[in-house]
Protein chains: 4
Amino acid sequence: MTDRRTSIGNSRNPETHAAILDAAHELLAEHGYAGVSMEAVARRAGAGKPTLYRWWPSKTALLIELYEREKTRALAEIPDLGSAQKELVALIKGVHRFWRKTPAGQAFRSIIAEAQADDAALRSLRDEFLPRGRATATVILDRAQARGEIAPDADRELLLDVLFGFSWYRLLTHRLRDDTGAVERLVAALLAAAKAGGSLAGD
Amino acid sequence: MTDRRTSIGNSRNPETHAAILDAAHELLAEHGYAGVSMEAVARRAGAGKPTLYRWWPSKTALLIELYEREKTRALAEIPDLGSAQKELVALIKGVHRFWRKTPAGQAFRSIIAEAQADDAALRSLRDEFLPRGRATATVILDRAQARGEIAPDADRELLLDVLFGFSWYRLLTHRLRDDTGAVERLVAALLAAAKAGGSLAGD
Amino acid sequence: MTDRRTSIGNSRNPETHAAILDAAHELLAEHGYAGVSMEAVARRAGAGKPTLYRWWPSKTALLIELYEREKTRALAEIPDLGSAQKELVALIKGVHRFWRKTPAGQAFRSIIAEAQADDAALRSLRDEFLPRGRATATVILDRAQARGEIAPDADRELLLDVLFGFSWYRLLTHRLRDDTGAVERLVAALLAAAKAGGSLAGD
Amino acid sequence: MTDRRTSIGNSRNPETHAAILDAAHELLAEHGYAGVSMEAVARRAGAGKPTLYRWWPSKTALLIELYEREKTRALAEIPDLGSAQKELVALIKGVHRFWRKTPAGQAFRSIIAEAQADDAALRSLRDEFLPRGRATATVILDRAQARGEIAPDADRELLLDVLFGFSWYRLLTHRLRDDTGAVERLVAALLAAAKAGGSLAGD
DNA sequence: GGATAACCGAGACGGTACGTCCGGTCTTTGG
DNA sequence: CCAAAGACCGGACGTACCGTCTCGGTTATCC
């Protein structure tokens, strides 16, 4: 891990860049959130701290980039499965699996935790990071609305808040595993309400 | 016979105890989570750091006690309002209001954040702290089941995970305010499913 | 060591007194000067800290009493051996042996060290403690003067400063052992000068 | 070829280094040994505590460097004055004056005191620090032996132990001032014995 | 013989200092 | 010009003692 890299002059060194993300990845896997400090990442990556700060203004930014690198590796789009129920369940369960199987869950927990201490991090999380994650869900809901599975005036934002809120809650209390059909039943209940256009419909 | 208990040694000074919680309260209100360090709390309370550590093994423990002090001051039980819909909405909206109006919201965000960095804190949060908060909801659900508003085999734990997950999500993304009937509609959707005994019923 | 003692009314409890000195003795023997804190002594003696401070205003005072207790146990007067040379050598070597064989050496090193940080301790060391130790030497010098072994105008204070200075130096640099006749030769040199009434005579 | 040594990274800041020693110097002069804490030195020097610990592993190390800085400023070598008597008196009196006039005396007292609580400090004091101080005396004794003022087999180590022991004793009991020819007479007595080759001769 | 006063163990308290870790910034060296 | 390395300040961490204080309780002594 600490193979001797050296400066390559006045352009960004991609090896260094990857080494830093790898170091963060390993630390996250080995010691969890508490083990990831800019200091420790720099040490393990064999990089100087200013190098980290040049590219990522904060630990959160580093973690976000790490998370997204993992995501593109592990999380595919959800194809048309014929029903919103199947697609949403596939989406949520896929996210849960991704959080469980890779350090991404750790990274995500860390990002949320950091955002509670730092307003800028919170805004970046809410306004840039989360919308990217909801894009996949939006595609599914578009298809559902086209199929008539949910009412035209359904409160889609609320529906997603509930689904992601539930997921966050399980992630943050480390209870991602106890899943005996809970996701299926939750999605069914929400879709039923969204279809009726009554209770989950916008005002 | 008389009480033969003989406490020995000096006993905890309640003024100091209160001064420390007050100091934490103020720091939380003024500077948010990042402003609360054991050092700063001790300084403002005019207490020694060892005094803090004598009573609270960690910052999390201090924040939890602060949170519960605020809660007993601000949050009453939910009386029988005639329907589970009304009672659950009152509960959730009460919690949201409590989080918005007092530093308790800050405290709670901090507790969740700390738990992501510290396994012991997470266990204490999940296994001791949260169940206390869910007790009020349990009473409401008991009444609802007695009224026949939800099926006998409804998955009450899932229902609460969804309600609290939604609340956490809004709290942690600092979006507790944009509430135009969302809570009412969510509760209605969940209760509809729980009554049918179908989708939100246990397996 | 922590046999349960209790108050014996409004007079000093000699058992407690002894237990405290014993505890200090043991700590000194086990961990040296650094291991002797009022806290640790109280803990090991099973006594309260205020009890220590009631009788000894400082750690130095406690160490001095400990030292003198040891001294009366281990260090006898020097009888008339016929010559000042023999008697002074017996005195100095006795002191060195006492310092080496018991925790008294540790105690004495501690007393000297404490006095460098605390003016009151220094005064008490210099004006009360040391004169007591020089009393034995004074008796020897009186006899020597009566025998005519040292000139009437010899600078006795200087002679003792040299002898004790040499001893302190060896004690404080932990070189009390490497003694191959050094004390004998030093005493002989000083007595020769003191007899001549020339170089070691007062002004 | 050019010097191919390439140190990388920022280098030690000499201003900071001096500021720390100055701060220690002032604290020593103002409050004595007890006033010198790493904390206080860092505070006054406007330096971070880790900076102190980076360069000096302990307070003793800092004090030693301070002492030696003062010494090179204040204490010159002893030139050939024609007789060992004059040279040794000049040496000892110079050291006493140095201890009296500058905070160096305080520093030296502190170093000795620290060494009583810390074995490593004691070894460093005895095996590195003191020999440096005795080097000047060794030069004088070499000259004296060349002149025939002291016997070839004289126990030079003992002679120095006595001279320095006497000096320490006076320093540590804060009696450096009462000097009415005492040093002269002591040196004379020791040189007389060392010349005779009898009493102060080696075994 | 009852009050009282000094003692006792225990331990909480406000403080100070310890030695370490980390967050960000600045400076030096070299590609 | 910019990357790498690392020194720097500042500050929080959790711990050990300091010396003082306040307890509940005991017992010898004095009124």
# chains A, B, ... in the order shown; residues from 1 in each chain; ligands from 1
>>> residues_around(residues="Arg156 (chain C)", least_positions_apart="6", cutoff="10 Å", atoms="only C-alpha atoms (C1' of nucleotides)", output="MDAnalysis selection string")
chainID C and resid 137:138 141:142 150 162 194 200:202
>>> write_last_selection(atoms="N, CA and C atoms", output="PDB file, in the first residue's frame")
ATOM      1  N   ALA C 137      27.423  14.321  63.860  1.00  0.00           N
ATOM      2  CA  ALA C 137      28.742  14.735  63.405  1.00  0.00           C
ATOM      3  C   ALA C 137      29.357  15.754  64.352  1.00  0.00           C
ATOM      4  N   THR C 138      28.526  16.622  64.887  1.00  0.00           N
ATOM      5  CA  THR C 138      29.017  17.650  65.803  1.00  0.00           C
ATOM      6  C   THR C 138      29.639  17.017  67.043  1.00  0.00           C
ATOM      7  N   LEU C 141      33.015  15.805  66.128  1.00  0.00           N
ATOM      8  CA  LEU C 141      33.985  16.885  65.977  1.00  0.00           C
ATOM      9  C   LEU C 141      34.380  17.476  67.333  1.00  0.00           C
ATOM     10  N   ASP C 142      33.405  17.519  68.246  1.00  0.00           N
ATOM     11  CA  ASP C 142      33.733  17.975  69.601  1.00  0.00           C
ATOM     12  C   ASP C 142      34.828  17.085  70.209  1.00  0.00           C
ATOM     13  N   ILE C 150      41.811  18.161  65.439  1.00  0.00           N
ATOM     14  CA  ILE C 150      41.571  19.268  64.514  1.00  0.00           C
ATOM     15  C   ILE C 150      41.825  20.565  65.256  1.00  0.00           C
ATOM     16  N   VAL C 162      31.335  19.652  53.027  1.00  0.00           N
ATOM     17  CA  VAL C 162      32.060  18.849  52.048  1.00  0.00           C
ATOM     18  C   VAL C 162      31.678  17.378  52.175  1.00  0.00           C
ATOM     19  N   ALA C 194      42.340  20.024  58.401  1.00  0.00           N
ATOM     20  CA  ALA C 194      41.727  20.631  59.589  1.00  0.00           C
ATOM     21  C   ALA C 194      42.699  20.629  60.767  1.00  0.00           C
ATOM     22  N   LEU C 200      42.044  24.492  55.958  1.00  0.00           N
ATOM     23  CA  LEU C 200      40.638  24.334  56.283  1.00  0.00           C
ATOM     24  C   LEU C 200      40.247  25.133  57.532  1.00  0.00           C
ATOM     25  N   ALA C 201      41.187  26.004  57.978  1.00  0.00           N
ATOM     26  CA  ALA C 201      40.846  26.825  59.143  1.00  0.00           C
ATOM     27  C   ALA C 201      39.931  27.968  58.726  1.00  0.00           C
ATOM     28  N   GLY C 202      39.138  28.394  59.672  1.00  0.00           N
ATOM     29  CA  GLY C 202      38.240  29.518  59.390  1.00  0.00           C
ATOM     30  C   GLY C 202      39.039  30.794  59.194  1.00  0.00           C
TER      31      GLY C 202
END
>>> residues_around(residues="region 6-19 of chain F", least_positions_apart="5", cutoff="7 Å", atoms="only C-alpha atoms (C1' of nucleotides)", output="PDB file with C-alpha atoms, in the first residue's frame")
ATOM      1  CA  GLU B  39     -13.673  20.813  27.465  1.00  0.00           C
TER       2      GLU B  39
ATOM      3  CA  GLU C  39      -3.638  10.069  46.607  1.00  0.00           C
TER       4      GLU C  39
ATOM      5  CA  GLY D   9       9.221  18.746   3.854  1.00  0.00           C
ATOM      6  CA  ASN D  10       9.307  21.839   5.913  1.00  0.00           C
ATOM      7  CA  SER D  11      12.153  22.191   8.335  1.00  0.00           C
ATOM      8  CA  ARG D  12      12.361  23.136  11.952  1.00  0.00           C
ATOM      9  CA  ALA D  47       3.467  27.247  20.426  1.00  0.00           C
ATOM     10  CA  GLY D  48       1.439  24.069  20.364  1.00  0.00           C
TER      11      GLY D  48
END
>>> interface_residues(of="chain E", to="chain A", cutoff="9 Å", atoms="only C-alpha atoms (C1' of nucleotides)", output="list in words")
DC22, DG23, DG24, DT25, DG30 and DG31 of chain E
>>> write_last_selection(atoms="C-alpha atoms (C1' of nucleotides)", output="PDB file, in the first residue's frame")
ATOM      1  C1'  DC E  22      -6.347  15.475  14.708  1.00  0.00           C
ATOM      2  C1'  DG E  23      -7.744  19.477  11.743  1.00  0.00           C
ATOM      3  C1'  DG E  24      -6.197  22.842   8.625  1.00  0.00           C
ATOM      4  C1'  DT E  25      -2.458  25.989   7.028  1.00  0.00           C
ATOM      5  C1'  DG E  30      12.087  19.164  -6.242  1.00  0.00           C
ATOM      6  C1'  DG E  31       9.895  17.448 -10.876  1.00  0.00           C
TER       7       DG E  31
END
>>> residues_around(residues="Leu81 (chain A)", least_positions_apart="6", cutoff="12 Å", atoms="only C-alpha atoms (C1' of nucleotides)", output="list in words")
Glu87, Leu88, Val89, Ala90, Leu91, Ile140, Arg143 and Ala144 of chain A
>>> interface_residues(of="chain C", to="chain D", cutoff="6 Å", atoms="only C-alpha atoms", output="NGL selection string")
:C and (33-34 or 113 or 117 or 162 or 165-166 or 169 or 185 or 188-189 or 193 or 199-200)
